[in-house]
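Read through the structure below, which is laid out as structure tokens, and then see the notes.
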Amino acid sequence: TAQRPHLSVRVSMIESLNEEIEKKLSSLSSPFWRLNGLSEEDVNSIMARTVCAKSAFELWGHGRTHIELRTSLLKYPTENMSPFLQKDSTYKINVYTFNKTLEFEDRIKKIDAMEYLSFEGRVNLRNPKHIFCLLEDYGTDPNDIPDEPLYIYFGRWIADGQRELIRSHSVKNRHFIGNTSMDAGLSFIMANHARVKAYDLVYDPFVGTGSLLVACSHFGAYVCGTDIDYNTIHGIGKASRKNQKWRGPDENIRANLRQYGSEKLYVDVLVSDASKPIWRDGVLFDAIITDPPYGIRESTRRTGSQKDSVNSVKPSEDYVGDSHVPVSMAYHLSDIFTDLLNFSAHHLVIGGRLVYWLPIYRPEYCEEMVPLNACLRLVSNCEQTLSSHTSRRLITMEKIKEPEETDALAHLSDPHFSPYQGHNAFREKYFSGISKRTLTGKEETNKMATNEH
Ligand SMILES: C[S@@+](CC[C@H](N)C(=O)[O-])C[C@H]1O[C@@H](n2cnc3c(N)ncnc32)[C@H](O)[C@@H]1O
């Protein structure tokens, strides 16, 4: 079973854990998904990592009514059932409903009605050897809950997913947070898309408060990152929490990892501009996972020298350096993505993954806007809607070959390249989208009426 929000992210996440699985998904219209041809081992390995799926069951029977369910269950091969119904075993039956809460007595009635299955073991509610579940689907509209379920399933419980991680790692209770800290659920989804595993080395070039490093270290990876913001890296300056003015001592990424018991996996974080080559050739990461700045809640800046830009910010009067004067210049979104892909092409191991968010102005989005690179295969691209006009897409790419000299400039001659430039106006469009949205229906009508006169 899976929850509905971020549906496409959820499907794709399961696919990332096992690329064969998506092909086996038979239905997406319901929170209950049926997967065929998976071994119990496959299921256990997915459930050990996913924050999207709630529980997994071996399906024994299903139908639109209890009569259909019974017919279907009686057809299920006895040899598949009997190992779990033995005399010397213990069991319990749970009833799960979606979009409806049942009274205790109704649950008991439904459990009693299953007696046509030959359970020979003893009931043990506390610590049963086998758990069976009756799952009832009452649709997805909370304002239109049918009396009878739309669909019913019965099966043997195999494993629960890791949804508890969303609560235990919530940024609400995190030691060090910022205005753009990534929520725990999405951070785990990103780590799963990147297939992060124990002893990997993972890098976040726009690390902020390190939420993505927290998720990756949970899966046992060594983590490091860079950020252009000195205060963020050093955990000083203004606090992001409502009732706190300044950040307290030891509010930093290392302390975040310590909070979750993974400090030993902290490599380090550096103050550095992601547009500059600070890593020597041959430094390789198993995954690069990041949430680049869109310029909405944080600025998209990079360092440069005065001669690079007419828009650059002047250094202070008392600056006494010589020829190179560091200044702050605009860092266009299109360049951020081109640099990120180029960097990943050079610094990922073969088979390593880049996972990042691409902001999208929905009315103009087309697939060609997703930046490409000759060394990276696009694995998945799924949308998280932010408003009627904007969304962000979670892009997953995998390194398939080492870069050649011509690859670095290939994007300039790529017919895809000009659509990337469309990303540069994202900030402007984001805000124009907001001002359009804040007009109420009445204001819209008034505005139209005024225009008519
Ligand atoms: C969306 S935030 C990342 C948030 C982060 N995932 C977290 O959970 O806190 C983007 C970060 O990129 C940083 N940044 C902006 N321009 C940069 C640059 N040129 N190089 C490196 N970092 C940059 C910002 O300071 C900001 O912390």
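So you can find residues: chains in the structure tokens are A, B, ... in the order shown, residues in each start at 1, and ligands are numbered from 1 in order.
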
| request: Assign secondary structure with DSSP using the backbone only, and return the residues of region 139-209 of chain A in alpha helix (DSSP H) as a PyMOL selection string. | output: chain A and resi 164-168+184-193

Would you save the residues of that selection, restricted to N, CA and C atoms, as a PDB file, in the first residue's frame?
```pdb
ATOM      1  N   GLU A 164       8.181   5.862   9.297  1.00  0.00           N
ATOM      2  CA  GLU A 164       8.510   6.391  10.620  1.00  0.00           C
ATOM      3  C   GLU A 164       9.701   7.378  10.541  1.00  0.00           C
ATOM      4  N   LEU A 165      10.584   7.172   9.545  1.00  0.00           N
ATOM      5  CA  LEU A 165      11.744   8.065   9.397  1.00  0.00           C
ATOM      6  C   LEU A 165      11.318   9.511   9.150  1.00  0.00           C
ATOM      7  N   ILE A 166      10.152   9.685   8.515  1.00  0.00           N
ATOM      8  CA  ILE A 166       9.689  11.040   8.208  1.00  0.00           C
ATOM      9  C   ILE A 166       9.422  11.786   9.520  1.00  0.00           C
ATOM     10  N   ARG A 167       8.908  11.063  10.505  1.00  0.00           N
ATOM     11  CA  ARG A 167       8.638  11.685  11.809  1.00  0.00           C
ATOM     12  C   ARG A 167       9.948  11.818  12.612  1.00  0.00           C
ATOM     13  N   SER A 168      10.698  10.722  12.685  1.00  0.00           N
ATOM     14  CA  SER A 168      11.894  10.756  13.549  1.00  0.00           C
ATOM     15  C   SER A 168      12.948  11.750  13.044  1.00  0.00           C
ATOM     16  N   ALA A 184      12.257  15.943   5.518  1.00  0.00           N
ATOM     17  CA  ALA A 184      12.876  14.634   5.719  1.00  0.00           C
ATOM     18  C   ALA A 184      12.405  13.623   4.671  1.00  0.00           C
ATOM     19  N   GLY A 185      11.100  13.592   4.388  1.00  0.00           N
ATOM     20  CA  GLY A 185      10.566  12.604   3.436  1.00  0.00           C
ATOM     21  C   GLY A 185      11.242  12.743   2.080  1.00  0.00           C
ATOM     22  N   LEU A 186      11.311  13.989   1.573  1.00  0.00           N
ATOM     23  CA  LEU A 186      11.906  14.188   0.247  1.00  0.00           C
ATOM     24  C   LEU A 186      13.407  13.899   0.269  1.00  0.00           C
ATOM     25  N   SER A 187      14.060  14.188   1.386  1.00  0.00           N
ATOM     26  CA  SER A 187      15.498  13.901   1.466  1.00  0.00           C
ATOM     27  C   SER A 187      15.736  12.389   1.356  1.00  0.00           C
ATOM     28  N   PHE A 188      14.891  11.597   2.028  1.00  0.00           N
ATOM     29  CA  PHE A 188      15.051  10.133   1.935  1.00  0.00           C
ATOM     30  C   PHE A 188      14.718   9.638   0.529  1.00  0.00           C
ATOM     31  N   ILE A 189      13.696  10.251  -0.094  1.00  0.00           N
ATOM     32  CA  ILE A 189      13.360   9.864  -1.467  1.00  0.00           C
ATOM     33  C   ILE A 189      14.569  10.136  -2.378  1.00  0.00           C
ATOM     34  N   MET A 190      15.210  11.306  -2.186  1.00  0.00           N
ATOM     35  CA  MET A 190      16.380  11.633  -3.022  1.00  0.00           C
ATOM     36  C   MET A 190      17.508  10.627  -2.787  1.00  0.00           C
ATOM     37  N   ALA A 191      17.748  10.277  -1.526  1.00  0.00           N
ATOM     38  CA  ALA A 191      18.816   9.315  -1.230  1.00  0.00           C
ATOM     39  C   ALA A 191      18.501   7.959  -1.874  1.00  0.00           C
ATOM     40  N   ASN A 192      17.218   7.603  -1.906  1.00  0.00           N
ATOM     41  CA  ASN A 192      16.828   6.341  -2.539  1.00  0.00           C
ATOM     42  C   ASN A 192      16.995   6.420  -4.055  1.00  0.00           C
ATOM     43  N   HIS A 193      16.631   7.571  -4.644  1.00  0.00           N
ATOM     44  CA  HIS A 193      16.831   7.735  -6.090  1.00  0.00           C
ATOM     45  C   HIS A 193      18.311   7.592  -6.439  1.00  0.00           C
TER      46      HIS A 193
END
```

| request: Grab me every residue within 9 Å of ligand 1, counting only C-alpha atoms and all ligand atoms, and send it over as a ChimeraX atom specification. | output: /A:177-183,187,204-214,226-233,271-276,289-303,330-331,336

Take the residues from that selection and write them out as a compact mmCIF listing (two decimals), in the first residue's frame, keeping N, CA and C atoms.
```txt
# COMPACT_ATOMS: atom_id res chain seq x y z
N ILE A 177 18.73 24.12 11.45
CA ILE A 177 17.91 24.24 10.23
C ILE A 177 18.06 25.63 9.63
N GLY A 178 17.63 25.77 8.39
CA GLY A 178 17.65 27.07 7.71
C GLY A 178 16.32 27.25 6.99
N ASN A 179 16.20 28.37 6.27
CA ASN A 179 14.94 28.66 5.58
C ASN A 179 14.64 27.66 4.48
N THR A 180 15.67 27.03 3.94
CA THR A 180 15.43 26.14 2.80
C THR A 180 15.77 24.68 3.12
N SER A 181 15.78 24.32 4.40
CA SER A 181 16.08 22.92 4.76
C SER A 181 15.08 22.00 4.06
N MET A 182 15.59 20.97 3.44
CA MET A 182 14.72 20.03 2.70
C MET A 182 14.00 19.11 3.68
N ASP A 183 12.69 18.89 3.44
CA ASP A 183 11.96 18.06 4.40
C ASP A 183 12.47 16.61 4.39
N SER A 187 14.06 14.19 1.39
CA SER A 187 15.50 13.90 1.47
C SER A 187 15.74 12.39 1.36
N ASP A 204 27.19 17.01 -1.64
CA ASP A 204 26.14 17.98 -1.96
C ASP A 204 26.81 19.34 -2.18
N PRO A 205 26.87 19.82 -3.45
CA PRO A 205 27.57 21.08 -3.72
C PRO A 205 26.84 22.33 -3.20
N PHE A 206 25.53 22.24 -2.92
CA PHE A 206 24.77 23.37 -2.38
C PHE A 206 24.19 22.90 -1.04
N VAL A 207 25.07 22.64 -0.09
CA VAL A 207 24.70 21.81 1.05
C VAL A 207 23.75 22.47 2.04
N GLY A 208 23.76 23.81 2.15
CA GLY A 208 22.88 24.50 3.11
C GLY A 208 23.05 23.92 4.51
N THR A 209 21.95 23.47 5.10
CA THR A 209 22.02 22.94 6.48
C THR A 209 22.22 21.42 6.49
N GLY A 210 22.44 20.85 5.30
CA GLY A 210 22.85 19.44 5.24
C GLY A 210 21.74 18.41 5.36
N SER A 211 20.50 18.80 5.04
CA SER A 211 19.39 17.82 5.17
C SER A 211 19.62 16.59 4.30
N LEU A 212 20.20 16.79 3.11
CA LEU A 212 20.38 15.64 2.23
C LEU A 212 21.50 14.75 2.75
N LEU A 213 22.48 15.36 3.42
CA LEU A 213 23.56 14.57 4.01
C LEU A 213 23.03 13.73 5.17
N VAL A 214 22.06 14.29 5.90
CA VAL A 214 21.46 13.55 7.01
C VAL A 214 20.82 12.26 6.46
N THR A 226 29.55 21.51 0.09
CA THR A 226 30.06 22.88 0.04
C THR A 226 28.88 23.84 -0.03
N ASP A 227 29.11 25.06 0.43
CA ASP A 227 28.10 26.12 0.28
C ASP A 227 28.85 27.44 0.21
N ILE A 228 28.30 28.36 -0.57
CA ILE A 228 28.95 29.67 -0.72
C ILE A 228 28.77 30.53 0.52
N ASP A 229 27.81 30.16 1.36
CA ASP A 229 27.46 31.01 2.50
C ASP A 229 28.29 30.65 3.74
N TYR A 230 29.15 31.57 4.14
CA TYR A 230 30.06 31.34 5.27
C TYR A 230 29.27 31.06 6.55
N ASN A 231 28.21 31.85 6.77
CA ASN A 231 27.43 31.69 8.01
C ASN A 231 26.78 30.31 8.09
N THR A 232 26.25 29.83 6.97
CA THR A 232 25.59 28.52 6.97
C THR A 232 26.61 27.43 7.31
N ILE A 233 27.76 27.47 6.64
CA ILE A 233 28.77 26.43 6.86
C ILE A 233 29.28 26.47 8.30
N VAL A 271 33.39 26.13 2.80
CA VAL A 271 32.82 27.32 2.16
C VAL A 271 33.42 27.36 0.76
N SER A 272 32.57 27.25 -0.25
CA SER A 272 33.10 27.24 -1.61
C SER A 272 31.98 27.51 -2.61
N ASP A 273 32.39 28.06 -3.75
CA ASP A 273 31.45 28.40 -4.81
C ASP A 273 31.37 27.21 -5.78
N ALA A 274 30.16 26.67 -5.95
CA ALA A 274 30.02 25.48 -6.79
C ALA A 274 30.39 25.73 -8.25
N SER A 275 30.48 26.99 -8.66
CA SER A 275 30.83 27.25 -10.06
C SER A 275 32.35 27.21 -10.27
N LYS A 276 33.10 27.04 -9.18
CA LYS A 276 34.57 27.04 -9.30
C LYS A 276 35.15 25.63 -9.09
N ILE A 289 24.07 14.65 -4.75
CA ILE A 289 22.65 14.82 -4.48
C ILE A 289 22.47 16.22 -3.93
N THR A 290 21.59 17.02 -4.56
CA THR A 290 21.58 18.44 -4.21
C THR A 290 20.28 19.14 -4.55
N ASP A 291 20.09 20.26 -3.88
CA ASP A 291 18.92 21.12 -4.10
C ASP A 291 19.48 22.51 -4.41
N PRO A 292 19.72 22.81 -5.72
CA PRO A 292 20.40 24.06 -6.05
C PRO A 292 19.52 25.27 -5.70
N PRO A 293 20.14 26.45 -5.55
CA PRO A 293 19.34 27.64 -5.22
C PRO A 293 18.51 28.07 -6.43
N TYR A 294 17.24 28.40 -6.20
CA TYR A 294 16.40 28.90 -7.30
C TYR A 294 16.32 30.41 -7.27
N GLY A 295 16.83 31.02 -6.17
CA GLY A 295 16.72 32.47 -6.06
C GLY A 295 15.38 32.90 -5.50
N ILE A 296 14.60 31.98 -4.90
CA ILE A 296 13.33 32.40 -4.31
C ILE A 296 13.55 32.76 -2.85
N ARG A 297 14.03 31.80 -2.07
CA ARG A 297 14.29 32.08 -0.66
C ARG A 297 15.77 32.27 -0.37
N GLU A 298 16.61 32.07 -1.38
CA GLU A 298 18.04 32.31 -1.20
C GLU A 298 18.56 32.84 -2.52
N SER A 299 19.71 33.53 -2.49
CA SER A 299 20.16 34.14 -3.74
C SER A 299 20.96 33.15 -4.57
N THR A 300 20.94 33.35 -5.88
CA THR A 300 21.78 32.53 -6.75
C THR A 300 22.98 33.39 -7.12
N ARG A 301 24.03 33.28 -6.33
CA ARG A 301 25.23 34.10 -6.55
C ARG A 301 26.42 33.20 -6.76
N ARG A 302 27.42 33.75 -7.38
CA ARG A 302 28.70 33.05 -7.45
C ARG A 302 29.80 34.09 -7.35
N THR A 303 31.02 33.63 -7.14
CA THR A 303 32.11 34.59 -7.04
C THR A 303 32.67 34.83 -8.43
N ALA A 330 25.67 37.46 -10.57
CA ALA A 330 24.50 36.61 -10.73
C ALA A 330 24.95 35.24 -11.23
N TYR A 331 24.34 34.17 -10.71
CA TYR A 331 24.64 32.81 -11.20
C TYR A 331 23.35 32.32 -11.82
N ILE A 336 23.92 27.08 -13.62
CA ILE A 336 24.00 26.19 -12.46
C ILE A 336 23.82 24.75 -12.92
```

| Length of the CA of Pro419 (chain A) to CA of Ile350 (chain A) vector [Å] |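 Taking CA of Pro419 (chain A) and CA of Ile350 (chain A), their separation equals 27.7 Å.
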
| strand (DSSP E or B) per DSSP on the backbone: members of region 113-330 of chain A, as a PyMOL selection string | chain A and resi 122-123+130-137+151-160+201-204+222-227+238+246+266-271+285-290+301-305+326-330

| A:Leu38, A:Ile278, A:Leu135, A:Ala287 ranked by distance to Tyr222 (chain A), top pick (using only C-alpha atoms) | A:Ala287

| request: Please measure the separation of CA of Gln162 (chain A) and CA of Arg34 (chain A), giving the value in Å to one decimal. | output: 19.1 Å

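The shell of residues at most 10 Å from Asn124 (chain A), with only C-alpha atoms counted and near chain neighbours (fewer than 4 positions) removed, consists of Ser89, Thr90, Tyr91, Lys92, Ile93, Pro128, Lys129, His130 and Ile131 of chain A.
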
| said: Neighbouring residues of region 244-247 of chain A were defined as those with any atom within 12 Å, considering only C-alpha atoms; residues of the same chain fewer than 3 positions away were excluded. Please report them as a list in words. | reply: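 Answer for this query is His175, Phe176, Ile177, Gly178, Asn231, Thr232, His234, Gly235, Ile236, Gly237, Lys238, Ala239, Ser240, Arg241, Asp250, Glu251 and Asn252 of chain A.
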
Output the selection as a PDB file, in the first residue's frame - N, CA and C atoms for each residue.
```
ATOM      1  N   HIS A 175      18.358  19.858  15.065  1.00  0.00           N
ATOM      2  CA  HIS A 175      19.209  20.787  15.792  1.00  0.00           C
ATOM      3  C   HIS A 175      19.487  22.061  14.977  1.00  0.00           C
ATOM      4  N   PHE A 176      19.914  21.871  13.726  1.00  0.00           N
ATOM      5  CA  PHE A 176      20.343  23.011  12.892  1.00  0.00           C
ATOM      6  C   PHE A 176      19.486  23.045  11.623  1.00  0.00           C
ATOM      7  N   ILE A 177      18.729  24.122  11.451  1.00  0.00           N
ATOM      8  CA  ILE A 177      17.906  24.238  10.234  1.00  0.00           C
ATOM      9  C   ILE A 177      18.061  25.633   9.630  1.00  0.00           C
ATOM     10  N   GLY A 178      17.628  25.767   8.393  1.00  0.00           N
ATOM     11  CA  GLY A 178      17.647  27.068   7.714  1.00  0.00           C
ATOM     12  C   GLY A 178      16.325  27.253   6.994  1.00  0.00           C
ATOM     13  N   ASN A 231      28.214  31.854   6.774  1.00  0.00           N
ATOM     14  CA  ASN A 231      27.433  31.688   8.006  1.00  0.00           C
ATOM     15  C   ASN A 231      26.781  30.313   8.093  1.00  0.00           C
ATOM     16  N   THR A 232      26.250  29.834   6.965  1.00  0.00           N
ATOM     17  CA  THR A 232      25.588  28.524   6.972  1.00  0.00           C
ATOM     18  C   THR A 232      26.606  27.433   7.311  1.00  0.00           C
ATOM     19  N   HIS A 234      29.410  27.683   8.856  1.00  0.00           N
ATOM     20  CA  HIS A 234      29.921  27.796  10.223  1.00  0.00           C
ATOM     21  C   HIS A 234      28.818  27.792  11.263  1.00  0.00           C
ATOM     22  N   GLY A 235      27.578  27.689  10.833  1.00  0.00           N
ATOM     23  CA  GLY A 235      26.465  27.619  11.780  1.00  0.00           C
ATOM     24  C   GLY A 235      26.368  28.847  12.660  1.00  0.00           C
ATOM     25  N   ILE A 236      26.569  30.029  12.042  1.00  0.00           N
ATOM     26  CA  ILE A 236      26.450  31.262  12.837  1.00  0.00           C
ATOM     27  C   ILE A 236      25.448  32.197  12.151  1.00  0.00           C
ATOM     28  N   GLY A 237      25.189  33.326  12.768  1.00  0.00           N
ATOM     29  CA  GLY A 237      24.296  34.313  12.163  1.00  0.00           C
ATOM     30  C   GLY A 237      22.871  34.150  12.648  1.00  0.00           C
ATOM     31  N   LYS A 238      21.937  34.709  11.864  1.00  0.00           N
ATOM     32  CA  LYS A 238      20.538  34.716  12.292  1.00  0.00           C
ATOM     33  C   LYS A 238      19.935  33.320  12.286  1.00  0.00           C
ATOM     34  N   ALA A 239      19.105  33.053  13.283  1.00  0.00           N
ATOM     35  CA  ALA A 239      18.445  31.743  13.368  1.00  0.00           C
ATOM     36  C   ALA A 239      17.228  31.726  12.451  1.00  0.00           C
ATOM     37  N   SER A 240      16.803  30.519  12.040  1.00  0.00           N
ATOM     38  CA  SER A 240      15.606  30.409  11.202  1.00  0.00           C
ATOM     39  C   SER A 240      14.378  30.083  12.034  1.00  0.00           C
ATOM     40  N   ARG A 241      14.578  29.710  13.298  1.00  0.00           N
ATOM     41  CA  ARG A 241      13.428  29.371  14.150  1.00  0.00           C
ATOM     42  C   ARG A 241      12.762  30.649  14.623  1.00  0.00           C
ATOM     43  N   ASP A 250      27.260  25.401  18.390  1.00  0.00           N
ATOM     44  CA  ASP A 250      27.173  24.043  17.862  1.00  0.00           C
ATOM     45  C   ASP A 250      25.932  23.784  17.015  1.00  0.00           C
ATOM     46  N   GLU A 251      25.392  24.843  16.399  1.00  0.00           N
ATOM     47  CA  GLU A 251      24.305  24.603  15.414  1.00  0.00           C
ATOM     48  C   GLU A 251      24.985  24.475  14.071  1.00  0.00           C
ATOM     49  N   ASN A 252      25.255  23.256  13.656  1.00  0.00           N
ATOM     50  CA  ASN A 252      25.932  23.030  12.376  1.00  0.00           C
ATOM     51  C   ASN A 252      25.628  21.624  11.865  1.00  0.00           C
TER      52      ASN A 252
END
```

| query | Smallest atom-to-atom distance to Gln421 (chain A): which of A:Glu58, A:Glu405, A:Asp335, A:Glu367, using only C-alpha atoms? | reply |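 Comparing A:Glu58, A:Glu405, A:Asp335, A:Glu367 against Gln421 (chain A), the winner is A:Asp335.
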
| Interatomic distance (Å, one decimal) between CA of Ser387 (chain A) and CA of His332 (chain A) | 22.4 Å

| Looking at A:Tyr260, A:Phe57, A:Tyr96, A:Phe285, which one is nearest to Ala159 (chain A), with distances taken over only C-alpha atoms? |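 Comparing A:Tyr260, A:Phe57, A:Tyr96, A:Phe285 against Ala159 (chain A), the winner is A:Phe57.
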
| Any idea what's packed within 12 Å of Pro371 (chain A), counting only C-alpha atoms, ignoring anything in its chain fewer than 5 positions away? Could you give it as JSON, numbers by chain? | {"A": [333, 334, 335, 336, 337, 338, 339, 340, 341, 342, 356, 357, 358, 359, 366, 376, 377, 378, 381, 393, 395, 396, 397, 410, 411, 412, 414, 415, 416, 417, 418, 419, 420, 421, 422, 423]}

| message | Under the rule that only C-alpha atoms are counted, which of A:Ile360, A:Cys375, A:Cys382, A:Val349 is the nearest residue to Lys401 (chain A)? | response |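 Comparing A:Ile360, A:Cys375, A:Cys382, A:Val349 against Lys401 (chain A), the winner is A:Cys375.
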
| Lys100 (chain A) environment, 10 Å, only C-alpha atoms, sequence neighbours closer than 4 positions dropped, as number ranges by chain | A: 96, 136-140, 142, 145-147, 149

Quick one: write out the picked residues with N, CA and C atoms as a short mmCIF file (atom, residue, chain, number, x, y, z; two decimals), in the first residue's frame?
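File written: out.cif
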```cif
data_model
loop_
_atom_site.label_atom_id
_atom_site.label_comp_id
_atom_site.auth_asym_id
_atom_site.auth_seq_id
_atom_site.Cartn_x
_atom_site.Cartn_y
_atom_site.Cartn_z
N TYR A 96 -7.39 -3.31 7.74
CA TYR A 96 -6.97 -1.94 7.38
C TYR A 96 -7.98 -1.37 6.41
N GLU A 136 -9.41 -2.89 2.99
CA GLU A 136 -10.62 -2.40 2.30
C GLU A 136 -10.37 -1.00 1.75
N ASP A 137 -10.69 -0.82 0.49
CA ASP A 137 -10.47 0.46 -0.19
C ASP A 137 -11.81 1.18 -0.35
N TYR A 138 -11.97 2.30 0.38
CA TYR A 138 -13.21 3.08 0.28
C TYR A 138 -13.03 4.31 -0.60
N GLY A 139 -12.17 4.23 -1.59
CA GLY A 139 -11.96 5.35 -2.52
C GLY A 139 -11.09 6.41 -1.90
N THR A 140 -11.03 7.56 -2.60
CA THR A 140 -10.11 8.61 -2.15
C THR A 140 -10.82 9.91 -1.82
N PRO A 142 -12.89 12.00 0.61
CA PRO A 142 -13.37 12.00 2.00
C PRO A 142 -14.79 12.54 2.12
N ILE A 145 -17.83 8.93 1.00
CA ILE A 145 -17.33 7.62 1.46
C ILE A 145 -18.45 6.60 1.28
N PRO A 146 -18.26 5.59 0.44
CA PRO A 146 -19.33 4.61 0.22
C PRO A 146 -19.57 3.73 1.46
N ASP A 147 -20.79 3.14 1.57
CA ASP A 147 -21.09 2.25 2.71
C ASP A 147 -20.22 1.00 2.64
N PRO A 149 -17.00 -1.18 0.77
CA PRO A 149 -15.73 -0.87 0.11
C PRO A 149 -15.82 -1.02 -1.41
#
```

| Between A:Cys52, A:Val355, A:Leu257, A:Met47, which one has atoms that come closest to Pro31 (chain A), using only C-alpha atoms? |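 Of all the options, A:Cys52 lies closest to Pro31 (chain A).
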